[in-house]
file final-v8.txt (compact mmCIF, C-alpha atoms)
# COMPACT_ATOMS: atom_id res chain seq x y z
CA MET D 19 0.68 15.16 40.25
CA ASP D 20 2.30 15.09 43.68
CA PRO D 21 5.69 13.36 44.15
CA THR D 22 4.23 10.37 46.02
CA GLU D 23 1.72 9.62 43.28
CA LEU D 24 4.34 10.12 40.56
CA ALA D 25 6.76 7.78 42.33
CA ALA D 26 4.05 5.12 42.60
CA TRP D 27 3.21 5.35 38.89
CA LEU D 28 6.87 5.16 37.88
CA ARG D 29 7.46 2.20 40.17
CA LEU D 30 4.61 0.27 38.55
CA LEU D 31 5.64 1.15 35.01
CA GLU D 32 9.42 0.88 35.37
CA THR D 33 9.72 -2.33 37.42
CA PRO D 34 11.17 -5.04 35.14
CA GLY D 35 8.79 -7.93 34.53
CA VAL D 36 5.62 -5.90 35.16
CA GLY D 37 3.87 -5.24 31.86
CA ARG D 38 1.00 -2.94 30.96
CA GLU D 39 -1.60 -5.68 31.19
CA SER D 40 -0.53 -6.60 34.72
CA VAL D 41 -0.64 -2.93 35.74
CA ARG D 42 -4.17 -2.63 34.37
CA ARG D 43 -5.34 -5.63 36.39
CA LEU D 44 -3.70 -4.24 39.52
CA LEU D 45 -5.27 -0.82 39.06
CA ALA D 46 -8.68 -2.40 38.50
CA ALA D 47 -8.28 -4.34 41.74
CA PHE D 48 -6.71 -1.71 44.00
CA GLY D 49 -7.77 1.60 42.44
CA THR D 50 -4.54 3.61 42.37
CA PRO D 51 -0.79 2.96 42.10
CA VAL D 52 -0.43 3.89 45.77
CA GLY D 53 -3.14 1.36 46.59
CA VAL D 54 -1.36 -1.31 44.57
CA LEU D 55 1.92 -0.77 46.39
CA ALA D 56 0.17 -0.80 49.77
CA ALA D 57 -1.41 -4.22 49.06
CA SER D 58 0.02 -7.35 50.66
CA ALA D 59 1.94 -9.94 48.66
CA LEU D 60 -0.94 -12.36 49.18
CA ALA D 61 -3.45 -9.83 47.81
CA LEU D 62 -1.22 -9.12 44.81
CA ARG D 63 -0.95 -12.83 44.00
CA GLN D 64 -4.74 -12.98 43.73
CA VAL D 65 -4.54 -10.58 40.80
CA VAL D 66 -1.21 -11.22 39.04
CA THR D 67 1.31 -14.03 38.80
CA PRO D 68 3.65 -14.75 41.69
CA ALA D 69 6.55 -13.53 39.54
CA VAL D 70 4.92 -10.13 39.02
CA ALA D 71 4.02 -9.87 42.70
CA ALA D 72 7.62 -10.68 43.64
CA ALA D 73 8.96 -8.08 41.20
CA LEU D 74 6.86 -5.41 42.90
CA ALA D 75 8.21 -6.27 46.34
CA ALA D 76 11.18 -3.91 45.99
CA PRO D 77 11.54 -0.70 43.94
CA PRO D 78 14.04 -0.62 41.06
CA ALA D 79 17.42 0.79 42.06
CA HIS D 80 17.13 3.66 39.58
CA LEU D 81 13.68 4.76 40.77
CA PRO D 82 14.70 7.62 43.13
CA ALA D 83 16.89 9.21 40.47
CA LEU D 84 14.15 8.82 37.86
CA VAL D 85 11.55 10.42 40.13
CA ASP D 86 13.87 13.36 40.85
CA ALA D 87 14.69 13.79 37.15
CA THR D 88 11.01 13.68 36.19
CA LEU D 89 10.02 16.23 38.81
CA SER D 90 12.84 18.55 37.70
CA TRP D 91 11.74 18.14 34.08
CA LEU D 92 8.13 18.94 34.96
CA ASN D 93 9.07 21.97 37.06
CA ALA D 94 11.13 23.42 34.20
CA GLY D 95 8.06 23.66 31.98
CA GLY D 96 6.73 27.15 31.41
CA ILE D 97 9.89 28.83 32.74
CA ALA D 98 11.96 31.21 30.59
CA GLY D 99 9.97 30.45 27.47
CA GLU D 100 10.06 26.67 27.90
CA PRO D 101 6.93 24.86 26.68
CA SER D 102 4.53 23.43 29.24
CA ARG D 103 5.30 19.92 30.50
CA ASN D 104 2.83 17.47 31.99
CA VAL D 105 2.23 13.82 32.76
CA VAL D 106 -1.24 12.46 32.10
CA THR D 107 -2.59 9.12 33.30
CA LEU D 108 -5.56 6.99 32.31
CA GLY D 109 -7.78 8.43 35.01
CA ASP D 110 -7.12 12.09 34.19
CA ALA D 111 -9.93 14.15 32.68
CA CYS D 112 -7.64 15.43 29.94
CA TYR D 113 -6.65 11.93 28.76
CA PRO D 114 -7.84 11.81 25.11
CA ASP D 115 -11.04 9.78 24.65
CA THR D 116 -10.00 8.54 21.23
CA LEU D 117 -6.91 6.92 22.72
CA LEU D 118 -8.74 5.62 25.78
CA ASN D 119 -11.12 3.72 23.51
CA THR D 120 -8.40 1.47 22.07
CA ALA D 121 -7.25 -2.01 22.98
CA ASP D 122 -3.97 -0.97 24.62
CA PRO D 123 -3.99 2.68 25.72
CA PRO D 124 -0.79 3.94 27.39
CA LEU D 125 -1.07 4.12 31.16
CA LEU D 126 0.92 7.34 31.39
CA LEU D 127 1.83 9.97 28.81
CA TYR D 128 4.55 12.60 28.98
CA LEU D 129 3.52 15.82 27.23
CA GLN D 130 5.58 18.80 26.11
CA GLY D 131 3.78 21.66 24.42
CA ASP D 132 0.11 22.49 23.86
CA ALA D 133 -1.89 19.76 25.61
CA ALA D 134 -5.14 21.36 24.35
CA LEU D 135 -4.38 19.78 20.95
CA LEU D 136 -5.43 16.44 22.45
CA ARG D 137 -9.02 17.71 22.46
CA GLN D 138 -8.99 18.61 18.75
CA GLU D 139 -9.97 16.41 15.82
CA ALA D 140 -6.86 14.74 14.50
CA LEU D 141 -5.67 12.74 11.49
CA ALA D 142 -2.44 10.74 11.22
CA ILE D 143 -0.07 11.02 8.26
CA VAL D 144 2.61 8.35 8.06
CA GLY D 145 4.86 6.83 5.43
CA SER D 146 8.32 5.93 4.25
CA ARG D 147 11.50 7.16 5.90
CA SER D 148 13.01 7.34 2.40
CA PRO D 149 10.27 8.89 0.28
CA THR D 150 10.50 10.13 -3.26
CA PRO D 151 10.51 13.92 -3.63
CA GLN D 152 6.91 13.69 -4.81
CA GLY D 153 5.93 11.69 -1.75
CA ALA D 154 7.48 14.17 0.68
CA ASP D 155 5.86 17.05 -1.20
CA ASN D 156 2.46 15.33 -1.04
CA ALA D 157 2.82 14.81 2.70
CA ARG D 158 3.61 18.49 3.28
CA GLN D 159 0.74 19.71 1.16
CA PHE D 160 -1.86 17.30 2.54
CA ALA D 161 -0.79 18.18 6.08
CA CYS D 162 -0.92 21.91 5.38
CA GLN D 163 -4.37 21.74 3.86
CA LEU D 164 -5.71 19.44 6.59
CA SER D 165 -4.38 21.87 9.19
CA GLN D 166 -6.20 24.72 7.52
CA ALA D 167 -9.38 22.64 7.39
CA GLY D 168 -9.26 22.40 11.19
CA TRP D 169 -7.50 19.05 11.68
CA VAL D 170 -4.50 18.42 13.93
CA VAL D 171 -1.90 16.34 12.07
CA VAL D 172 -0.33 13.48 14.05
CA SER D 173 2.84 11.65 13.07
CA GLY D 174 5.98 10.09 14.53
CA LEU D 175 8.79 12.65 13.99
CA ALA D 176 10.73 10.11 11.89
CA LEU D 177 12.73 11.04 8.82
CA GLY D 178 10.86 11.20 5.53
CA ILE D 179 7.08 11.39 5.40
CA ASP D 180 6.65 11.95 9.15
CA GLY D 181 8.89 15.01 9.19
CA ALA D 182 7.31 16.37 6.01
CA ALA D 183 3.84 15.99 7.56
CA HIS D 184 4.86 17.92 10.68
CA GLU D 185 6.44 20.65 8.55
CA GLY D 186 3.30 20.97 6.43
CA ALA D 187 1.05 21.19 9.49
CA LEU D 188 3.24 23.87 11.09
CA LYS D 189 3.02 25.82 7.85
CA GLY D 190 -0.77 25.46 7.99
CA ARG D 191 -0.72 26.72 11.58
CA ALA D 192 1.21 29.80 10.48
CA LEU D 193 -1.59 30.42 7.98
CA GLY D 194 -4.28 30.18 10.66
CA GLY D 195 -4.84 26.43 10.88
CA GLU D 196 -4.35 23.79 13.55
CA SER D 197 -0.96 22.43 14.58
CA SER D 198 0.69 19.03 14.85
CA ILE D 199 1.38 16.29 17.40
CA ALA D 200 4.52 14.14 17.32
CA VAL D 201 4.40 10.77 19.09
CA VAL D 202 7.96 9.64 19.77
CA GLY D 203 9.51 6.31 20.72
CA THR D 204 12.01 7.69 23.25
CA GLY D 205 11.96 9.75 26.41
CA LEU D 206 11.19 13.39 25.69
CA ASP D 207 14.74 14.27 26.74
CA CYS D 208 16.28 11.80 24.25
CA LEU D 209 14.55 12.78 21.02
CA TYR D 210 15.38 10.89 17.84
CA PRO D 211 16.46 11.26 15.07
CA LYS D 212 19.06 13.94 15.80
CA ARG D 213 18.41 15.51 12.40
CA HIS D 214 14.94 16.45 13.64
CA LEU D 215 15.95 18.13 16.90
CA GLY D 216 15.23 21.56 15.39
CA LEU D 217 11.83 20.37 14.18
CA ALA D 218 11.16 18.84 17.61
CA ARG D 219 11.94 22.14 19.33
CA GLN D 220 9.55 23.92 17.00
CA MET D 221 6.92 21.23 17.64
CA ALA D 222 7.27 21.73 21.41
CA GLN D 223 6.77 25.49 20.99
CA GLU D 224 3.97 25.40 18.42
CA GLY D 225 2.51 21.90 18.70
CA LEU D 226 2.83 18.95 21.06
CA LEU D 227 5.34 16.17 21.74
CA ILE D 228 4.05 12.94 23.33
CA SER D 229 5.78 9.85 24.70
CA GLU D 230 4.80 6.93 26.93
CA TYR D 231 8.46 6.29 27.71
CA ALA D 232 10.22 7.57 30.81
CA LEU D 233 12.87 10.25 30.65
CA GLY D 234 16.22 8.85 29.65
CA THR D 235 14.73 6.12 27.42
CA PRO D 236 16.96 5.78 24.32
CA PRO D 237 15.75 4.98 20.78
CA LEU D 238 15.26 1.21 21.06
CA PRO D 239 13.96 -0.53 17.91
CA ALA D 240 11.08 -2.27 19.70
CA HIS D 241 9.63 1.04 20.90
CA PHE D 242 8.80 2.47 17.47
CA PRO D 243 6.19 -0.15 16.47
CA GLN D 244 4.74 0.31 19.97
CA ARG D 245 4.34 4.05 19.56
CA ASN D 246 2.45 3.44 16.29
CA ARG D 247 -0.59 2.30 18.27
CA ILE D 248 -0.68 5.73 19.92
CA ILE D 249 -0.53 7.49 16.54
CA ALA D 250 -3.42 5.37 15.29
CA GLY D 251 -5.35 5.67 18.55
CA LEU D 252 -5.22 9.46 18.82
CA THR D 253 -6.76 10.00 15.41
CA ALA D 254 -9.98 9.61 13.47
CA GLY D 255 -8.08 8.20 10.52
CA THR D 256 -4.64 7.49 9.08
CA LEU D 257 -3.31 8.60 5.71
CA VAL D 258 -0.42 6.53 4.35
CA VAL D 259 1.82 8.39 1.90
CA GLU D 260 4.31 6.00 0.29
CA ALA D 261 5.16 2.77 2.09
CA ALA D 262 7.01 -0.37 1.15
CA LEU D 263 5.28 -3.71 1.67
CA LYS D 264 7.22 -4.28 4.90
CA SER D 265 6.81 -0.96 6.63
CA GLY D 266 6.03 0.42 10.07
CA SER D 267 3.44 2.61 8.38
CA LEU D 268 1.44 -0.49 7.51
CA ILE D 269 1.51 -1.43 11.19
CA THR D 270 -0.04 1.94 11.99
CA ALA D 271 -2.67 1.42 9.29
CA ARG D 272 -3.50 -2.06 10.59
CA LEU D 273 -3.85 -0.73 14.15
CA ALA D 274 -6.11 2.04 12.88
CA MET D 275 -8.31 -0.49 11.09
CA GLU D 276 -8.47 -2.67 14.22
CA ALA D 277 -9.56 0.38 16.23
CA GLY D 278 -12.36 1.06 13.74
CA ARG D 279 -10.71 4.17 12.31
CA ASP D 280 -10.57 5.18 8.65
CA VAL D 281 -7.48 4.40 6.59
CA PHE D 282 -6.57 6.39 3.48
CA ALA D 283 -3.80 5.72 0.97
CA LEU D 284 -2.25 7.70 -1.86
CA PRO D 285 -1.71 5.66 -5.02
CA GLY D 286 1.61 5.83 -6.81
CA SER D 287 3.53 4.47 -9.75
CA ILE D 288 3.28 0.74 -10.32
CA HIS D 289 7.06 0.79 -10.78
CA SER D 290 7.81 2.34 -7.40
CA PRO D 291 8.55 0.07 -4.41
CA GLN D 292 7.41 2.96 -2.21
CA ALA D 293 3.90 2.69 -3.64
CA ARG D 294 3.39 -1.02 -3.07
CA GLY D 295 2.35 -0.71 0.54
CA CYS D 296 -0.30 1.87 -0.35
CA HIS D 297 -1.59 -0.28 -3.19
CA ALA D 298 -1.83 -3.26 -0.82
CA LEU D 299 -3.83 -1.16 1.64
CA ILE D 300 -6.20 -0.05 -1.12
CA ARG D 301 -6.78 -3.70 -2.06
CA GLN D 302 -7.55 -4.37 1.61
CA GLY D 303 -10.20 -1.66 1.74
CA ALA D 304 -8.34 1.58 2.43
CA LEU D 305 -9.85 4.58 0.67
CA LEU D 306 -7.86 5.72 -2.35
CA VAL D 307 -7.41 9.49 -2.13
CA GLU D 308 -6.21 11.95 -4.73
CA SER D 309 -6.91 15.17 -2.84
CA VAL D 310 -7.46 16.44 0.67
CA GLN D 311 -11.13 16.87 -0.14
CA ASP D 312 -11.48 13.09 -0.54
CA ILE D 313 -10.47 12.76 3.11
CA LEU D 314 -12.65 15.61 4.33
CA ASP D 315 -15.69 14.22 2.52
CA GLU D 316 -15.20 10.87 4.26
CA LEU D 317 -14.50 12.21 7.76
CA LYS D 318 -16.73 15.28 7.78
CA PRO D 319 -19.30 15.21 4.98
CA GLY D 320 -19.76 18.63 3.44
CA SER D 321 -16.63 20.16 4.96
CA ARG D 322 -14.32 22.23 2.81
CA PRO D 323 -10.85 23.66 3.36
CA ARG D 324 -10.91 27.36 4.19
CA ASP D 325 -10.60 29.79 1.31
CA SER D 326 -7.23 30.87 2.70
CA GLY D 327 -6.03 27.25 2.57
CA ALA D 328 -2.71 25.88 1.50
CA ALA D 329 -3.68 25.66 -2.15
CA ALA D 330 -3.46 29.44 -2.39
CA SER D 331 0.12 29.35 -1.15
CA LEU D 332 1.41 26.69 -3.54
CA PRO D 333 3.54 27.57 -6.56
CA PRO D 334 1.37 28.39 -9.58
CA ALA D 335 0.63 25.41 -11.78
CA SER D 336 2.80 25.16 -14.84
CA HIS D 337 1.43 24.23 -18.24
CA HIS D 338 4.87 23.57 -19.65
CA PRO D 339 4.57 20.91 -22.37
CA LEU D 340 7.57 19.05 -20.96
CA LEU D 341 5.57 18.19 -17.83
CA GLU D 342 2.97 16.35 -19.89
CA LEU D 343 5.69 14.50 -21.78
CA LEU D 344 7.48 13.65 -18.53
CA GLY D 345 4.42 11.97 -17.07
CA HIS D 346 4.52 10.85 -13.43
CA ASP D 347 7.16 8.12 -13.45
CA PRO D 348 10.90 8.88 -13.18
CA ALA D 349 12.61 9.14 -16.57
CA THR D 350 16.21 9.43 -17.76
CA LEU D 351 17.48 12.31 -19.84
CA ASP D 352 17.99 9.95 -22.80
CA ALA D 353 14.40 8.76 -22.54
CA LEU D 354 13.17 12.36 -22.52
CA VAL D 355 15.32 13.22 -25.54
CA ALA D 356 13.69 10.32 -27.40
CA ARG D 357 10.25 11.29 -26.14
CA THR D 358 10.47 14.99 -26.98
CA GLY D 359 12.85 15.08 -29.95
CA TRP D 360 14.59 18.09 -28.34
CA PRO D 361 18.37 18.52 -28.27
CA ALA D 362 19.89 17.33 -24.97
CA GLY D 363 21.25 20.81 -24.15
CA GLU D 364 17.88 22.52 -24.62
CA LEU D 365 16.09 19.75 -22.72
CA GLY D 366 18.56 20.04 -19.82
CA ALA D 367 17.97 23.79 -19.60
CA GLN D 368 14.18 23.32 -19.56
CA LEU D 369 14.47 20.66 -16.85
CA LEU D 370 16.66 22.94 -14.74
CA GLU D 371 14.11 25.75 -15.04
CA LEU D 372 11.28 23.44 -13.98
CA GLU D 373 13.41 22.08 -11.14
CA LEU D 374 14.05 25.57 -9.80
CA GLU D 375 10.32 26.33 -9.99
CA GLY D 376 9.57 23.24 -7.91
CA HIS D 377 7.83 21.27 -10.67
CA VAL D 378 10.52 18.65 -11.31
CA ALA D 379 12.88 16.75 -8.99
CA ARG D 380 16.29 15.43 -9.96
CA LEU D 381 16.73 11.90 -8.55
CA PRO D 382 19.87 9.77 -8.15
CA GLY D 383 21.01 8.10 -11.35
CA GLN D 384 20.18 11.15 -13.50
CA LEU D 385 16.46 10.49 -13.27
CA PHE D 386 13.85 13.24 -13.38
CA GLN D 387 10.38 13.12 -11.83
CA ARG D 388 7.43 15.42 -12.12
CA LEU D 389 6.16 16.91 -8.82
CA THR D 390 2.39 17.12 -9.03
CA LYS D 391 0.79 19.43 -6.47
CA ALA D 392 -1.81 17.80 -4.22
call {"tool": "encode", "arguments": {"input": "final-v8.txt", "output": "structure tokens"}}
result
Amino acid sequence: MDPTELAAWLRLLETPGVGRESVRRLLAAFGTPVGVLAASALALRQVVTPAVAAALAAPPAHLPALVDATLSWLNAGGIAGEPSRNVVTLGDACYPDTLLNTADPPLLLYLQGDAALLRQEALAIVGSRSPTPQGADNARQFACQLSQAGWVVVSGLALGIDGAAHEGALKGRALGGESSIAVVGTGLDCLYPKRHLGLARQMAQEGLLISEYALGTPPLPAHFPQRNRIIAGLTAGTLVVEAALKSGSLITARLAMEAGRDVFALPGSIHSPQARGCHALIRQGALLVESVQDILDELKPGSRPRDSGAAASLPPASHHPLLELLGHDPATLDALVARTGWPAGELGAQLLELELEGHVARLPGQLFQRLTKA
């Protein structure tokens, strides 16, 4: 994109008071951002409100600096090992069709990493920012196996399930599968949360980072629900792994349903607040899934994960009798002593062994939970 065209796009998108719907109407009427800005005030008022037309009369004060910063950011891509950087607009051939065919597609996307992933089949994995150990483990394993079955995993780079899904997909990529896309709610130079900066750098090198927000955009609360429509729109379906009843993940699921995409949900304990959102989705028609194959059968009938899939890399299943007695809900040490009849010291040693093997998680409040492999 040449500097004049980029400046015109940024002026349309960054002028206060000019929303996406107004920009769409203007582009439909005048063809290009340059054409919009060349139109007379009278012509603009035939398409948008007088207030919007007046807002477009003068460029924002920060526009020149933003254009320079964006051009510098783009030019740094591909140099000295830096991932590729691009901006993609609605009219570009590489704009993903799945996203274009939604009610509110972004007008411009900033990309850092492997843009070819936008042409691959993709599935979203979203969920709680504060998952249980089992929930995070499920997200990693489902993502890894989906990657190895040929699906790009899309999520939002948030703490919890999002991060676990990206990690699982990157592991699947290392084993020969597809990679992962992170859709963020900030500028690509202001990534959030800080705890995921290392993961974001790996995503830029091995996957793809996407944002509709200009460089320098901080993590504003209103932007994260907005980015959820992109996560839902890029994908053939959305898997929700643990979500409370009031959760951004349920927004993503609703947007996916509205776009005619499949929604999948993992069931959980009836005692867990993190399972209630998934149970509500299942009551509303989401497909209950217990394995990756349930998803593959729905999206691609007859497909199977590759023989070298993630299942082969998981820890071997344990047949320890304590796992059966533990069940799938968190339990206290006292409850397990009563349940097993074992001395507390012996029981503690067995729990520690299973914890080290990755079959049991120790939760706050001296609770223990079985980690069942997906």
call {"tool": "atom_distance", "arguments": {"input": "final-v8.txt", "atom1": "atom CA of Glu32 of chain D", "atom2": "atom CA of Pro78 of chain D"}}
result
7.5 Å
call {"tool": "residues_around", "arguments": {"input": "final-v8.txt", "residues": "Leu227 of chain D", "least_positions_apart": "3", "cutoff": "8 Å", "atoms": "all atoms listed in the file", "output": "ChimeraX atom specification"}}
result
/D:129-131,199-202,206,218,221-222
call {"tool": "atom_distance", "arguments": {"input": "final-v8.txt", "atom1": "atom CA of Ala134 of chain D", "atom2": "atom CA of Arg272 of chain D"}}
result
27.2 Å
call {"tool": "residues_near_point", "arguments": {"input": "final-v8.txt", "point": "(-1.9, -11.4, 41.8)", "cutoff": "12 Å", "atoms": "all atoms listed in the file", "output": "PyMOL selection string"}}
result
chain D and resi 36+40-48+54+57-74
call {"tool": "residues_around", "arguments": {"input": "final-v8.txt", "residues": "Glu373 of chain D", "least_positions_apart": "3", "cutoff": "12 Å", "atoms": "all atoms listed in the file", "output": "list in words"}}
result
Pro151, Ser336, Leu340, Leu341, Gly366, Ala367, Gln368, Leu369, Leu370, Gly376, His377, Val378, Ala379, Arg380, Leu381, Phe386, Gln387, Arg388 and Leu389 of chain D
call {"tool": "residues_near_point", "arguments": {"input": "final-v8.txt", "point": "(8.5, 14.2, 44.1)", "cutoff": "8 Å", "atoms": "only C-alpha atoms", "output": "count of residues only"}}
result
8
call {"tool": "closest_residue", "arguments": {"input": "final-v8.txt", "among": "D:Leu108, D:Ala304, D:Ile179, D:Leu314", "to": "Ala261 of chain D", "atoms": "all atoms listed in the file"}}
result
D:Ile179
call {"tool": "axis_aligned_box", "arguments": {"input": "final-v8.txt", "around": "segment 307-314 of chain D", "padding_each_side": "3 Å", "output": "AutoDock Vina command-line options"}}
result
--center_x -9.4 --center_y 13.2 --center_z -0.2 --size_x 12.4 --size_y 13.4 --size_z 15.1
call {"tool": "atom_distance", "arguments": {"input": "final-v8.txt", "atom1": "atom CA of Ser229 of chain D", "atom2": "atom CA of Val310 of chain D"}}
result
28.2 Å
call {"tool": "residues_around", "arguments": {"input": "final-v8.txt", "residues": "segment 136-142 of chain D", "least_positions_apart": "3", "cutoff": "6 Å", "atoms": "only C-alpha atoms", "output": "list in words"}}
result
Pro114, Ala133, Trp169, Val170, Val171, Val172, Ser173, Thr253, Ala254, Gly255, Thr256 and Leu257 of chain D
call {"tool": "write_last_selection", "arguments": {"input": "final-v8.txt", "atoms": "C-alpha atoms", "output": "PDB file, in the frame of the given file"}}
result
ATOM      1  CA  PRO D 114      -7.840  11.810  25.110  1.00  0.00           C
ATOM      2  CA  ALA D 133      -1.890  19.760  25.610  1.00  0.00           C
ATOM      3  CA  TRP D 169      -7.500  19.050  11.680  1.00  0.00           C
ATOM      4  CA  VAL D 170      -4.500  18.420  13.930  1.00  0.00           C
ATOM      5  CA  VAL D 171      -1.900  16.340  12.070  1.00  0.00           C
ATOM      6  CA  VAL D 172      -0.330  13.480  14.050  1.00  0.00           C
ATOM      7  CA  SER D 173       2.840  11.650  13.070  1.00  0.00           C
ATOM      8  CA  THR D 253      -6.760  10.000  15.410  1.00  0.00           C
ATOM      9  CA  ALA D 254      -9.980   9.610  13.470  1.00  0.00           C
ATOM     10  CA  GLY D 255      -8.080   8.200  10.520  1.00  0.00           C
ATOM     11  CA  THR D 256      -4.640   7.490   9.080  1.00  0.00           C
ATOM     12  CA  LEU D 257      -3.310   8.600   5.710  1.00  0.00           C
TER      13      LEU D 257
END
call {"tool": "closest_residue", "arguments": {"input": "final-v8.txt", "among": "D:Ile143, D:Gly295, D:Trp360, D:Asp122", "to": "Arg245 of chain D", "atoms": "all atoms listed in the file"}}
result
D:Asp122
call {"tool": "residues_around", "arguments": {"input": "final-v8.txt", "residues": "Leu238 of chain D", "least_positions_apart": "2", "cutoff": "8 Å", "atoms": "all atoms listed in the file", "output": "PyMOL selection string"}}
result
chain D and resi 203-204+236+240-242
call {"tool": "write_last_selection", "arguments": {"input": "final-v8.txt", "atoms": "C-alpha atoms", "output": "PDB file, in the frame of the given file"}}
result
ATOM      1  CA  GLY D 203       9.510   6.310  20.720  1.00  0.00           C
ATOM      2  CA  THR D 204      12.010   7.690  23.250  1.00  0.00           C
ATOM      3  CA  PRO D 236      16.960   5.780  24.320  1.00  0.00           C
ATOM      4  CA  ALA D 240      11.080  -2.270  19.700  1.00  0.00           C
ATOM      5  CA  HIS D 241       9.630   1.040  20.900  1.00  0.00           C
ATOM      6  CA  PHE D 242       8.800   2.470  17.470  1.00  0.00           C
TER       7      PHE D 242
END
call {"tool": "closest_residue", "arguments": {"input": "final-v8.txt", "among": "D:Leu385, D:Leu175, D:Ala277, D:Leu84", "to": "Asp352 of chain D", "atoms": "only C-alpha atoms"}}
result
D:Leu385
